Structure formats: C-alpha cells, structure tokens
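Asker: My file is run-v5.pdb. It has PDB, C-alpha atoms, pLDDT in the B column:
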```pdb
ATOM      1  CA  MET A 154       2.339   7.816  35.472  1.00 47.00           C
ATOM      2  CA  GLN A 155       4.486  10.338  33.596  1.00 49.00           C
ATOM      3  CA  ARG A 156       6.820   7.537  32.493  1.00 44.00           C
ATOM      4  CA  TYR A 157       3.865   5.607  31.145  1.00 38.00           C
ATOM      5  CA  ALA A 158       2.672   8.645  29.146  1.00 37.00           C
ATOM      6  CA  LEU A 159       6.189   9.185  27.787  1.00 33.00           C
ATOM      7  CA  CYS A 160       6.451   5.529  26.712  1.00 35.00           C
ATOM      8  CA  VAL A 161       3.088   5.702  24.949  1.00 33.00           C
ATOM      9  CA  ALA A 162       4.151   8.905  23.166  1.00 35.00           C
ATOM     10  CA  LEU A 163       7.437   7.338  22.043  1.00 32.00           C
ATOM     11  CA  ILE A 164       5.720   4.208  20.761  1.00 35.00           C
ATOM     12  CA  ALA A 165       3.133   6.279  18.890  1.00 35.00           C
ATOM     13  CA  SER A 166       5.800   8.440  17.262  1.00 34.00           C
ATOM     14  CA  ALA A 167       7.821   5.362  16.257  1.00 35.00           C
ATOM     15  CA  ALA A 168       4.734   3.800  14.679  1.00 40.00           C
ATOM     16  CA  ALA A 169       3.983   7.033  12.820  1.00 41.00           C
ATOM     17  CA  ALA A 170       7.506   7.056  11.394  1.00 40.00           C
ATOM     18  CA  HIS A 171       6.794   3.722   9.686  1.00 54.00           C
ATOM     19  CA  ALA A 172       3.276   4.648   8.578  1.00 76.00           C
ATOM     20  CA  GLN A 173       2.249   4.964   4.987  1.00 91.00           C
ATOM     21  CA  LYS A 174       2.128   8.279   3.239  1.00 96.00           C
ATOM     22  CA  VAL A 175      -0.980   9.010   1.228  1.00 97.00           C
ATOM     23  CA  LYS A 176      -1.230  11.940  -1.165  1.00 97.00           C
ATOM     24  CA  VAL A 177      -4.167  12.964  -3.306  1.00 97.00           C
ATOM     25  CA  ASP A 178      -4.311  15.511  -6.085  1.00 96.00           C
ATOM     26  CA  TRP A 179      -7.023  16.422  -8.570  1.00 95.00           C
ATOM     27  CA  ASP A 180      -7.959  18.803 -11.341  1.00 95.00           C
ATOM     28  CA  ARG A 181      -9.561  21.756  -9.553  1.00 93.00           C
ATOM     29  CA  ALA A 182     -11.634  22.671 -12.625  1.00 92.00           C
ATOM     30  CA  THR A 183     -13.387  19.284 -12.768  1.00 94.00           C
ATOM     31  CA  ASP A 184     -16.972  18.840 -11.586  1.00 95.00           C
ATOM     32  CA  PHE A 185     -16.910  15.323 -10.111  1.00 96.00           C
ATOM     33  CA  THR A 186     -20.700  15.223  -9.653  1.00 96.00           C
ATOM     34  CA  ARG A 187     -21.029  14.523 -13.422  1.00 96.00           C
ATOM     35  CA  PHE A 188     -19.380  11.107 -13.163  1.00 98.00           C
ATOM     36  CA  ASN A 189     -21.454   7.967 -12.674  1.00 98.00           C
ATOM     37  CA  THR A 190     -19.578   5.109 -14.373  1.00 98.00           C
ATOM     38  CA  TYR A 191     -16.022   3.831 -14.715  1.00 98.00           C
ATOM     39  CA  LYS A 192     -14.030   1.132 -16.445  1.00 98.00           C
ATOM     40  CA  TRP A 193     -10.580  -0.237 -15.661  1.00 98.00           C
ATOM     41  CA  THR A 194      -7.763   0.446 -18.107  1.00 96.00           C
ATOM     42  CA  LYS A 195      -4.164  -0.713 -18.161  1.00 93.00           C
ATOM     43  CA  ILE A 196      -1.479   1.865 -17.403  1.00 91.00           C
ATOM     44  CA  PRO A 197       2.130   1.048 -18.272  1.00 87.00           C
ATOM     45  CA  SER A 198       3.808   0.300 -14.956  1.00 83.00           C
ATOM     46  CA  PRO A 199       7.485  -0.099 -14.072  1.00 82.00           C
ATOM     47  CA  ARG A 200       6.536  -3.113 -11.933  1.00 83.00           C
ATOM     48  CA  THR A 201       3.923  -5.745 -12.577  1.00 87.00           C
ATOM     49  CA  PRO A 202       2.475  -7.065  -9.339  1.00 90.00           C
ATOM     50  CA  THR A 203       1.603 -10.686  -8.824  1.00 91.00           C
ATOM     51  CA  PRO A 204      -1.872 -11.710 -10.021  1.00 94.00           C
ATOM     52  CA  GLU A 205      -2.966 -11.941  -6.378  1.00 94.00           C
ATOM     53  CA  ILE A 206      -1.838  -8.353  -5.643  1.00 93.00           C
ATOM     54  CA  GLU A 207      -3.425  -7.088  -8.857  1.00 95.00           C
ATOM     55  CA  LYS A 208      -6.716  -8.764  -7.940  1.00 96.00           C
ATOM     56  CA  LEU A 209      -6.478  -7.158  -4.487  1.00 96.00           C
ATOM     57  CA  ILE A 210      -5.903  -3.684  -5.970  1.00 97.00           C
ATOM     58  CA  TYR A 211      -8.897  -4.086  -8.296  1.00 98.00           C
ATOM     59  CA  SER A 212     -11.100  -5.345  -5.483  1.00 98.00           C
ATOM     60  CA  VAL A 213     -10.197  -2.622  -2.983  1.00 98.00           C
ATOM     61  CA  VAL A 214     -10.575   0.180  -5.539  1.00 98.00           C
ATOM     62  CA  ASP A 215     -13.856  -1.260  -6.872  1.00 98.00           C
ATOM     63  CA  THR A 216     -15.238  -1.352  -3.327  1.00 98.00           C
ATOM     64  CA  GLN A 217     -14.223   2.270  -2.703  1.00 98.00           C
ATOM     65  CA  LEU A 218     -15.681   3.529  -5.989  1.00 98.00           C
ATOM     66  CA  GLU A 219     -18.922   1.616  -5.449  1.00 98.00           C
ATOM     67  CA  TYR A 220     -19.155   3.137  -1.963  1.00 97.00           C
ATOM     68  CA  LYS A 221     -18.717   6.573  -3.575  1.00 97.00           C
ATOM     69  CA  GLY A 222     -21.641   5.890  -5.908  1.00 97.00           C
ATOM     70  CA  LEU A 223     -19.804   4.988  -9.111  1.00 98.00           C
ATOM     71  CA  LYS A 224     -20.841   1.965 -11.143  1.00 98.00           C
ATOM     72  CA  LYS A 225     -18.335  -0.232 -12.969  1.00 98.00           C
ATOM     73  CA  VAL A 226     -19.221  -0.970 -16.583  1.00 98.00           C
ATOM     74  CA  GLU A 227     -17.750  -3.690 -18.779  1.00 94.00           C
ATOM     75  CA  ASN A 228     -19.330  -2.602 -22.082  1.00 94.00           C
ATOM     76  CA  GLY A 229     -19.963   0.828 -23.530  1.00 93.00           C
ATOM     77  CA  GLU A 230     -18.213   4.093 -22.838  1.00 96.00           C
ATOM     78  CA  PRO A 231     -17.812   5.020 -19.155  1.00 98.00           C
ATOM     79  CA  ASP A 232     -17.455   8.496 -17.721  1.00 98.00           C
ATOM     80  CA  LEU A 233     -14.067   7.612 -16.198  1.00 98.00           C
ATOM     81  CA  TYR A 234     -11.128   5.325 -16.769  1.00 97.00           C
ATOM     82  CA  VAL A 235      -9.399   3.964 -13.674  1.00 98.00           C
ATOM     83  CA  GLY A 236      -5.897   2.529 -13.717  1.00 96.00           C
ATOM     84  CA  TYR A 237      -2.988   1.902 -11.418  1.00 96.00           C
ATOM     85  CA  SER A 238       0.793   1.794 -11.512  1.00 95.00           C
ATOM     86  CA  VAL A 239       3.332   0.385  -9.067  1.00 93.00           C
ATOM     87  CA  THR A 240       6.942   1.402  -8.478  1.00 91.00           C
ATOM     88  CA  LEU A 241       9.492   0.006  -6.059  1.00 86.00           C
ATOM     89  CA  GLY A 242      12.512   1.797  -4.682  1.00 82.00           C
ATOM     90  CA  GLU A 243      15.725  -0.060  -4.014  1.00 73.00           C
ATOM     91  CA  PRO A 244      16.833  -0.696  -0.441  1.00 66.00           C
ATOM     92  CA  LYS A 245      19.410   1.744   0.923  1.00 59.00           C
ATOM     93  CA  LYS A 246      21.898  -1.012   1.663  1.00 56.00           C
ATOM     94  CA  GLN A 247      22.055  -4.666   0.814  1.00 50.00           C
ATOM     95  CA  THR A 248      23.519  -7.331   3.055  1.00 51.00           C
ATOM     96  CA  ALA A 249      23.190 -10.233   0.650  1.00 47.00           C
ATOM     97  CA  ALA A 250      23.997 -10.581  -2.997  1.00 45.00           C
ATOM     98  CA  ALA A 251      21.093 -10.408  -5.384  1.00 46.00           C
ATOM     99  CA  PRO A 252      20.342 -13.632  -7.252  1.00 43.00           C
ATOM    100  CA  VAL A 253      21.805 -13.960 -10.714  1.00 43.00           C
ATOM    101  CA  ALA A 254      18.930 -14.357 -13.154  1.00 42.00           C
ATOM    102  CA  ASP A 255      20.600 -17.041 -15.300  1.00 39.00           C
ATOM    103  CA  SER A 256      21.988 -19.124 -12.426  1.00 37.00           C
ATOM    104  CA  SER A 257      18.707 -20.713 -11.402  1.00 35.00           C
ATOM    105  CA  SER A 258      15.586 -22.059 -12.987  1.00 36.00           C
ATOM    106  CA  TRP A 259      13.594 -20.405 -10.186  1.00 44.00           C
ATOM    107  CA  GLN A 260      12.082 -16.958 -10.561  1.00 39.00           C
ATOM    108  CA  THR A 261      12.360 -14.591  -7.645  1.00 38.00           C
ATOM    109  CA  GLY A 262       9.044 -13.682  -6.046  1.00 44.00           C
ATOM    110  CA  SER A 263       7.756 -10.143  -5.786  1.00 45.00           C
ATOM    111  CA  SER A 264       8.829  -9.949  -2.142  1.00 42.00           C
ATOM    112  CA  TRP A 265      12.441 -10.981  -2.823  1.00 41.00           C
ATOM    113  CA  SER A 266      14.652  -8.097  -1.772  1.00 42.00           C
ATOM    114  CA  ALA A 267      18.083  -9.768  -1.567  1.00 43.00           C
ATOM    115  CA  GLN A 268      18.500  -8.601   1.985  1.00 42.00           C
ATOM    116  CA  ASN A 269      18.245 -10.149   5.410  1.00 40.00           C
ATOM    117  CA  PRO A 270      14.932  -9.664   7.235  1.00 43.00           C
ATOM    118  CA  SER A 271      16.801  -7.941  10.045  1.00 42.00           C
ATOM    119  CA  ASP A 272      18.292  -5.348   7.692  1.00 45.00           C
ATOM    120  CA  GLU A 273      17.277  -1.904   8.928  1.00 44.00           C
ATOM    121  CA  SER A 274      16.811  -0.434   5.467  1.00 53.00           C
ATOM    122  CA  ALA A 275      13.564  -1.053   3.646  1.00 69.00           C
ATOM    123  CA  ARG A 276      12.201  -0.711   0.155  1.00 82.00           C
ATOM    124  CA  LYS A 277       9.468   1.791  -0.397  1.00 90.00           C
ATOM    125  CA  GLY A 278       6.688   0.898  -2.763  1.00 92.00           C
ATOM    126  CA  THR A 279       4.338   3.378  -4.434  1.00 94.00           C
ATOM    127  CA  LEU A 280       0.849   2.562  -5.658  1.00 95.00           C
ATOM    128  CA  ASN A 281      -0.754   5.255  -7.831  1.00 96.00           C
ATOM    129  CA  ILE A 282      -4.483   5.087  -8.585  1.00 97.00           C
ATOM    130  CA  ASP A 283      -5.305   7.320 -11.557  1.00 97.00           C
ATOM    131  CA  ILE A 284      -8.777   8.403 -12.632  1.00 97.00           C
ATOM    132  CA  ALA A 285      -9.179  10.042 -16.038  1.00 96.00           C
ATOM    133  CA  GLU A 286     -12.180  11.661 -17.684  1.00 96.00           C
ATOM    134  CA  VAL A 287     -12.903   9.693 -20.858  1.00 96.00           C
ATOM    135  CA  LYS A 288     -14.377  12.510 -22.993  1.00 95.00           C
ATOM    136  CA  LYS A 289     -11.454  14.877 -22.382  1.00 93.00           C
ATOM    137  CA  ASN A 290      -8.797  12.157 -22.070  1.00 93.00           C
ATOM    138  CA  LEU A 291      -7.635  14.057 -18.978  1.00 94.00           C
ATOM    139  CA  LEU A 292      -6.304  12.864 -15.629  1.00 96.00           C
ATOM    140  CA  VAL A 293      -8.709  14.284 -13.037  1.00 96.00           C
ATOM    141  CA  TRP A 294      -7.683  12.530  -9.786  1.00 97.00           C
ATOM    142  CA  ARG A 295      -4.689  10.637  -8.424  1.00 97.00           C
ATOM    143  CA  GLY A 296      -4.224   8.881  -5.124  1.00 97.00           C
ATOM    144  CA  SER A 297      -0.673   7.839  -4.219  1.00 97.00           C
ATOM    145  CA  VAL A 298       0.182   5.435  -1.415  1.00 97.00           C
ATOM    146  CA  VAL A 299       3.816   5.076  -0.334  1.00 96.00           C
ATOM    147  CA  ALA A 300       4.726   2.378   2.189  1.00 94.00           C
ATOM    148  CA  GLU A 301       7.451  -0.042   3.115  1.00 91.00           C
ATOM    149  CA  VAL A 302       7.221  -3.256   1.131  1.00 85.00           C
ATOM    150  CA  GLY A 303       6.629  -6.197   3.431  1.00 82.00           C
ATOM    151  CA  ASP A 304       7.464  -9.841   3.053  1.00 79.00           C
ATOM    152  CA  SER A 305       4.004 -11.364   3.344  1.00 88.00           C
ATOM    153  CA  MET A 306       0.767 -11.310   1.394  1.00 89.00           C
ATOM    154  CA  ASN A 307      -1.113 -10.432   4.569  1.00 91.00           C
ATOM    155  CA  ASP A 308       1.139  -7.388   5.088  1.00 92.00           C
ATOM    156  CA  ALA A 309       0.494  -6.295   1.480  1.00 91.00           C
ATOM    157  CA  ARG A 310      -3.257  -6.816   1.901  1.00 93.00           C
ATOM    158  CA  VAL A 311      -3.359  -4.619   5.007  1.00 94.00           C
ATOM    159  CA  LYS A 312      -1.192  -1.845   3.548  1.00 95.00           C
ATOM    160  CA  ILE A 313      -3.016  -1.720   0.213  1.00 95.00           C
ATOM    161  CA  SER A 314      -6.462  -1.762   1.851  1.00 96.00           C
ATOM    162  CA  LYS A 315      -5.607   0.948   4.380  1.00 97.00           C
ATOM    163  CA  GLY A 316      -3.751   3.134   1.889  1.00 97.00           C
ATOM    164  CA  VAL A 317      -6.430   3.000  -0.800  1.00 98.00           C
ATOM    165  CA  SER A 318      -9.126   3.669   1.809  1.00 97.00           C
ATOM    166  CA  LYS A 319      -7.216   6.730   3.053  1.00 97.00           C
ATOM    167  CA  ALA A 320      -6.828   8.026  -0.500  1.00 97.00           C
ATOM    168  CA  PHE A 321     -10.499   7.544  -1.366  1.00 98.00           C
ATOM    169  CA  ALA A 322     -11.530   9.323   1.816  1.00 97.00           C
ATOM    170  CA  GLN A 323     -10.679  12.362  -0.327  1.00 96.00           C
ATOM    171  CA  TYR A 324     -12.822  11.328  -3.296  1.00 97.00           C
ATOM    172  CA  PRO A 325     -14.701  13.085  -4.631  1.00 95.00           C
ATOM    173  CA  PRO A 326     -12.713  16.184  -3.776  1.00 93.00           C
ATOM    174  CA  PRO A 327     -14.469  19.211  -2.320  1.00 87.00           C
ATOM    175  CA  ALA A 328     -16.622  21.166  -4.783  1.00 80.00           C
ATOM    176  CA  LYS A 329     -15.049  24.143  -6.498  1.00 68.00           C
TER
END
```
The structure in this file should be written as structure tokens.
Answerer:
Amino acid sequence: MQRYALCVALIASAAAAHAQKVKVDWDRATDFTRFNTYKWTKIPSPRTPTPEIEKLIYSVVDTQLEYKGLKKVENGEPDLYVGYSVTLGEPKKQTAAAPVADSSSWQTGSSWSAQNPSDESARKGTLNIDIAEVKKNLLVWRGSVVAEVGDSMNDARVKISKGVSKAFAQYPPPAK
C-alpha cells in the first residue's frame, strides 16, 4: 500500500512539473465594479496565431467575461478594451535543422518546431490577456498563461481553455 501511495505521489508531482503556470496582476487602485462592457482591440504581438487559435482565444475569453457579467459591444465606447498577445520561446536544443524559408513553396505551420517529437526539450508559449480601462487608457488587469506548446489543435484547445479559465478565476480581483 505504501508503494502505491508513493507511485501516485510521484506521478502527481511529474504531472505538476509539466502543468501550466498562470499569473494574474491588476491595478490595485481600480474599482472593477464600475465596468459593464468591453470591446476587443488588437495588440501588437510577436507571434500571430492561426485563425483557428485566434478564434479559440476570442471564444474562451468572451465566455469568461460573459460569465463575469460583462457584455461585449461592437458599436459605441465600451468601459474596457480586451486584447491578447502571444510569444513563443525557442526550444533548448534542436535535433533537426530548421527549414530554410526560400527552399520550399510550403509555409511551416504554427506547430512546426524543427525538432523530433521525442526531443526532451519543449517550447514554452505565453498567452497574455490584457484588459484596459478605456477612459484612462490604462491597463487594469493582465492574465498570463505559460505552457508547453503542443503539436495538435486539440492540445492547444485544452491548454488555452484551462489556462484562461484559471486566470479569470481571479477576475474581478478582490475589492480594495
């Protein structure tokens, strides 16, 4: 029985080592109860996700904000602007040469990492969700999700959904 408990503990700690990291920060002087509406805005991003990933980010964030009582507006001035940015870190070691951009008429997909699937190193991706107060043009909340970048759309869907949900569990932040 003790061996079983030890195995479960080791498996749980190994899974935690590969888990996403979610951080949230906010402007402590902001009264979040004043905000009722939001609109998406583009934020310059080092990486542009595929249209499918972008649609997923919008959908997951919209669901979270709606659940929190905020209404998305298409016209007029909202209380908040919401935007996102994505960054990708490079793998620690590469076991295959990266494709040469001019040598092929094919574009590399967003999951191309120029490494073998069995390579132990992994790329870390960061998704930042920023919320800014329109009237003050001030960032008031940021949720950051850091996770290993997977090779499948299903993997991305799961990681984005879970990470954004964890971040918005802390929205709105506690009252001053």
Asker: Would you work out the distance separating CA of Thr279 (chain A) from CA of Pro231 (chain A), expressed in Å to one decimal?
Answerer: 26.6 Å
Asker: Expressed in Å to a single decimal, how great is the separation between CA of Ser314 (chain A) and CA of Ala328 (chain A)?
Answerer: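 Calculated distance between CA of Ser314 (chain A) and CA of Ala328 (chain A) is 25.9 Å.
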Asker: Go ahead and compute the interatomic distance for CA of Thr183 (chain A) and CA of Val214 (chain A), in Å to one decimal.
Answerer: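 Answer for the CA of Thr183 (chain A) to CA of Val214 (chain A) separation: 20.6 Å.
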Asker: Using only C-alpha atoms, find the one residue out of A:Ile206, A:Gly229, A:Arg200, A:Pro326 that sits nearest to Gly242 (chain A).
Answerer: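 Of all the options, A:Arg200 lies closest to Gly242 (chain A).
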Asker: Give me the residues of region 175-230 of chain A that have any atom at most 9 Å from an atom of region 305-311 of chain A; for each, the nearest atom pair and the distance in Å, rounded to one decimal. Use all atoms listed in the file, sort by chain and number, and format it as CSV.
Answerer:
```
residue,atom,partner,partner_atom,distance
A:Glu205,CA,A:Met306,CA,8.6
A:Ile206,CA,A:Ala309,CA,7.8
A:Leu209,CA,A:Arg310,CA,7.2
A:Ile210,CA,A:Arg310,CA,8.9
```
